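Trainee: Have a look at this one.
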Amino acid sequence: MLSDIEERGLRRHARAVNGPQDTRLWVDGKQVLCLCSNNYLGLARDPTMAAAVREALHDEGVGAAASRHISGNMRLHREAEAALSRYVRQDDGVLFSSGYSANVGVVQALVGRGDVVFSDELNHASIIDGARLSRASIVIYAHGDPDDLRRKLREHRGRGRGALVVTETLFSMDGDVPPIAPLAALAREFEAGFMVDEAHALGVLGPEGRGVCAELGIRPDVIVGTLGKSFGVQGAFAAGDHETMELVRNRARSYIFSTAPSPALTAAAVASVALVEAAEDRRSALRAHWTRLRQGLEALEFRVVPGDSPIIPVLTGDPEPTMSLSRALLDHGVFVHGVRPPTVPAGKGRLRVVPMANHSAADIDEALAAFAKVRR
């Protein structure tokens, strides 16, 4: 059963109120401020990317019509892989149709039966499913806890077993950044591969938005990133050295057995790399918005999970108060979706408040005013 707000969300018109800004949506014929999108830099309706799509539609058509290993391997796919791997300072890249298929495919390609995956307890479902499908042993370590990872590595690494440590760099539901440097050091110490999912960090954190690892000067064995967030498109990629990426191309089932990404959207992805790289003004605006929102929500005495990212979780507890608060905000013109189990653990329901770079200061004022009204 869909909740009332989910049904209303399904009925919303997918068009913006403020032209290309896309900060407001129509829900049930009402204009509402959107504060739950992953379009962090506000590029999803960027005219440069739209022009790239139009040109690719004219030159290449809509669909690739086959997998990359058959006849779907197009020039634009290779250009996107080159641009994205260069952006994250890796040697090579592999383009996937979604972030879910990227994580599932990469984990399954890198480890198998007899190996072991060390996974953060809050890792995304796609990482969890990739580990399960790989048939490797799975060891869960406490969220962002290097001491627990060390204990688990000592206990389960085992002589002769392949091993992979996997973590996100910016967790999508808590908005926190784990201690990546100690985790990477432990992977090296125990001769395990180190894979990071930078989906929510790319475009937002680090020099030129290149993510947490770039900010720390760490080069993981594999970086996975998605294109449907800061890049404003659709799809995902994995990047690493040539040998590892060749392994992914030839072993990742979600890559081998999927139709290649649309050439039109791939053209937009190529265009978006340059936009994201040069988007310092957008990153500055986004940081200012999330700082004001976080401080304002804390001043209103909402239970805000500590952090320093555009993902601002407001804890609400059980599903009923979570969705009640979401509905109340929608009635006051602000769309913030509630997150409930199984996406988060039981009793850990929340509103995931997310500003975009193209929100205005007035938009943030409007959002805080709505929160103040529902708080009363």
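Labels for the structure tokens follow display order: chains A, B, ..., residues from 1 in each chain, ligands from 1.
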Using DSSP on the backbone coordinates, identify the residues of region 14-66 of chain A assigned to helix (DSSP H, G or I); present them as a ChimeraX atom specification.
Mentor: /A:19-21,47-60
Trainee: Write out, as a compact mmCIF listing (two decimals), in the first residue's frame, the residues just selected, with C-alpha atoms.
Mentor:
```txt
# COMPACT_ATOMS: atom_id res chain seq x y z
CA GLY A 19 11.63 27.31 -15.61
CA PRO A 20 15.03 25.63 -15.67
CA GLN A 21 15.61 26.09 -11.95
CA PRO A 47 20.57 23.90 -21.17
CA THR A 48 24.09 22.74 -22.06
CA MET A 49 23.19 19.14 -21.32
CA ALA A 50 19.83 19.51 -23.05
CA ALA A 51 21.65 20.69 -26.19
CA ALA A 52 23.99 17.68 -25.99
CA VAL A 53 20.98 15.38 -25.80
CA ARG A 54 19.33 16.99 -28.84
CA GLU A 55 22.49 16.66 -30.91
CA ALA A 56 23.00 13.03 -29.89
CA LEU A 57 19.36 12.21 -30.63
CA HIS A 58 19.84 13.58 -34.12
CA ASP A 59 23.18 11.83 -34.73
CA GLU A 60 22.88 8.57 -32.77
```
Trainee: For region 334-349 of chain A, find every residue with an atom within 6 Å (counting only C-alpha atoms), except residues of its own chain fewer than 2 positions away, and show them as a CSV table (one decimal) with N, CA and C atoms, in the first residue's frame.
Mentor:
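Writing the result to around12.csv gives the following:
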```csv
chain,number,residue,atom,x,y,z
A,32,VAL,N,4.9,23.5,-5.0
A,32,VAL,CA,5.6,23.2,-3.7
A,32,VAL,C,7.1,23.3,-3.9
A,33,LEU,N,7.8,23.7,-2.8
A,33,LEU,CA,9.2,23.8,-2.8
A,33,LEU,C,9.8,22.4,-2.6
A,34,CYS,N,10.7,22.0,-3.5
A,34,CYS,CA,11.3,20.6,-3.4
A,34,CYS,C,12.5,20.6,-2.6
A,35,LEU,N,12.5,19.8,-1.5
A,35,LEU,CA,13.7,19.7,-0.6
A,35,LEU,C,14.0,18.2,-0.4
A,36,CYS,N,13.8,17.4,-1.4
A,36,CYS,CA,14.2,16.0,-1.3
A,36,CYS,C,14.8,15.4,-2.5
A,316,THR,N,12.6,11.2,13.2
A,316,THR,CA,11.2,11.3,13.6
A,316,THR,C,10.7,10.0,14.2
A,317,GLY,N,11.5,8.9,14.2
A,317,GLY,CA,11.1,7.7,14.9
A,317,GLY,C,10.3,6.7,14.0
A,318,ASP,N,9.1,6.5,14.4
A,318,ASP,CA,8.2,5.5,13.8
A,318,ASP,C,7.6,6.0,12.5
A,319,PRO,N,7.1,5.1,11.7
A,319,PRO,CA,6.5,5.5,10.4
A,319,PRO,C,5.4,6.5,10.5
A,322,THR,N,6.6,10.0,11.1
A,322,THR,CA,7.4,10.4,10.0
A,322,THR,C,6.6,10.9,8.8
A,323,MET,N,5.5,10.2,8.4
A,323,MET,CA,4.7,10.5,7.3
A,323,MET,C,3.8,11.7,7.6
A,326,SER,N,5.8,14.8,7.2
A,326,SER,CA,5.9,15.0,5.7
A,326,SER,C,4.7,15.6,5.1
A,329,LEU,N,4.2,19.3,6.2
A,329,LEU,CA,5.1,20.2,5.5
A,329,LEU,C,4.6,20.4,4.0
A,330,LEU,N,4.1,19.3,3.4
A,330,LEU,CA,3.5,19.5,2.1
A,330,LEU,C,2.3,20.4,2.1
A,332,HIS,N,2.0,22.9,3.9
A,332,HIS,CA,2.6,24.3,4.0
A,332,HIS,C,3.5,24.6,2.8
A,351,LEU,N,13.0,12.5,8.1
A,351,LEU,CA,12.9,13.3,6.9
A,351,LEU,C,14.3,13.5,6.4
```
Trainee: Using only C-alpha atoms, what table do you get, as a tab-separated table, when you list each residue of region 209-255 of chain A with an atom no more than 10 Å from region 194-200 of chain A, its nearest pair of atoms, and their distance in Å rounded to one decimal, rows by chain then rising number?
Mentor:
```
residue	atom	partner	partner_atom	distance
A:Arg210	CA	A:Glu198	CA	8.9
A:Gly211	CA	A:Glu198	CA	6.4
A:Val212	CA	A:Glu198	CA	7.4
A:Cys213	CA	A:Glu198	CA	8.4
A:Arg219	CA	A:Phe194	CA	9.1
A:Pro220	CA	A:Phe194	CA	5.5
A:Asp221	CA	A:Phe194	CA	5.4
A:Val222	CA	A:Met195	CA	4.7
A:Ile223	CA	A:Val196	CA	5.2
A:Val224	CA	A:Asp197	CA	4.7
A:Gly225	CA	A:Ala199	CA	4.4
A:Thr226	CA	A:Ala199	CA	5.0
A:Leu227	CA	A:Ala199	CA	8.0
A:Gly228	CA	A:Ala199	CA	8.8
A:Lys229	CA	A:His200	CA	6.9
A:Ser230	CA	A:His200	CA	7.7
A:Ala236	CA	A:Ala199	CA	8.5
A:Phe237	CA	A:Ala199	CA	9.6
A:Ala238	CA	A:Asp197	CA	9.0
A:Ala239	CA	A:Met195	CA	10.0
A:Gly240	CA	A:Met195	CA	9.5
```
Trainee: As an exercise, work out the distance from CA of Arg113 (chain A) to CA of Ala181 (chain A) in Å and give it to one decimal place.
Mentor: 28.3 Å
Trainee: Leaving out Leu41 (chain A) and any residue of its chain fewer than 5 positions from it, which residues lie within 8 Å of it when counting only C-alpha atoms, given as a list in words?
Mentor: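 Near neighbours after the sequence-gap exclusion: Gly203, Val204, Ser230, Phe231, Gly232, Val276, Ala279, Arg282, Arg283, Leu286, Met356, Ala357 and Asn358 of chain A.
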Trainee: With N, CA and C atoms retained, could you export that selection as a tab-separated table (two decimals), in the first residue's frame?
Mentor:
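Ended up saving to again_12.tsv:
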```tsv
chain	number	residue	atom	x	y	z
A	203	GLY	N	30.85	15.74	-7.00
A	203	GLY	CA	30.21	17.00	-7.37
A	203	GLY	C	30.03	17.94	-6.20
A	204	VAL	N	30.04	17.39	-4.98
A	204	VAL	CA	29.72	18.17	-3.79
A	204	VAL	C	30.94	18.41	-2.92
A	230	SER	N	24.62	14.67	-8.57
A	230	SER	CA	25.22	15.95	-8.95
A	230	SER	C	25.34	16.14	-10.45
A	231	PHE	N	25.52	15.04	-11.20
A	231	PHE	CA	25.70	15.16	-12.64
A	231	PHE	C	24.38	15.42	-13.36
A	232	GLY	N	23.27	15.20	-12.69
A	232	GLY	CA	21.98	15.58	-13.24
A	232	GLY	C	21.50	14.76	-14.42
A	276	VAL	N	30.26	20.02	-13.86
A	276	VAL	CA	30.48	19.69	-12.45
A	276	VAL	C	31.86	20.13	-12.00
A	279	ALA	N	32.01	23.87	-11.26
A	279	ALA	CA	30.85	24.39	-10.54
A	279	ALA	C	31.17	24.88	-9.13
A	282	ARG	N	28.39	26.94	-7.60
A	282	ARG	CA	27.26	26.12	-7.18
A	282	ARG	C	27.58	25.38	-5.88
A	283	ARG	N	28.79	24.85	-5.77
A	283	ARG	CA	29.16	24.17	-4.53
A	283	ARG	C	29.15	25.13	-3.34
A	286	LEU	N	25.51	25.77	-2.46
A	286	LEU	CA	24.94	24.59	-1.81
A	286	LEU	C	25.39	24.50	-0.36
A	356	MET	N	19.32	22.28	-2.82
A	356	MET	CA	20.05	22.26	-4.08
A	356	MET	C	20.77	23.59	-4.25
A	357	ALA	N	21.80	23.58	-5.08
A	357	ALA	CA	22.58	24.80	-5.30
A	357	ALA	C	21.73	25.92	-5.86
A	358	ASN	N	20.72	25.58	-6.66
A	358	ASN	CA	19.93	26.62	-7.31
A	358	ASN	C	18.72	27.06	-6.49
```
Trainee: Please determine, counting only C-alpha atoms, which residue among A:Pro310, A:Asp46, A:Arg294, A:Arg350 has the shortest atom-to-atom distance to Ala367 (chain A).
Mentor: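 Looking only at the distances to Ala367 (chain A), the closest residue turns out to be A:Arg294.
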Trainee: Considering only C-alpha atoms, tabulate each residue of region 231-330 of chain A that lies at most 12 Å from region 155-173 of chain A along with its nearest interatomic pair and the corresponding distance in Å to one decimal; arrange the rows by chain and ascending residue number and present them as a tab-separated table.
Mentor:
```
residue	atom	partner	partner_atom	distance
A:Val304	CA	A:Met173	CA	11.9
A:Val305	CA	A:Met173	CA	9.8
A:Pro306	CA	A:Met173	CA	11.9
A:Gly307	CA	A:Leu170	CA	10.0
A:Asp308	CA	A:Leu170	CA	10.0
A:Ser309	CA	A:Leu170	CA	8.2
A:Pro310	CA	A:Ser172	CA	9.9
A:Ile311	CA	A:Ser172	CA	7.0
A:Ile312	CA	A:Met173	CA	8.5
A:Pro313	CA	A:Met173	CA	6.9
A:Val314	CA	A:Met173	CA	10.1
A:Leu315	CA	A:Met173	CA	10.6
```
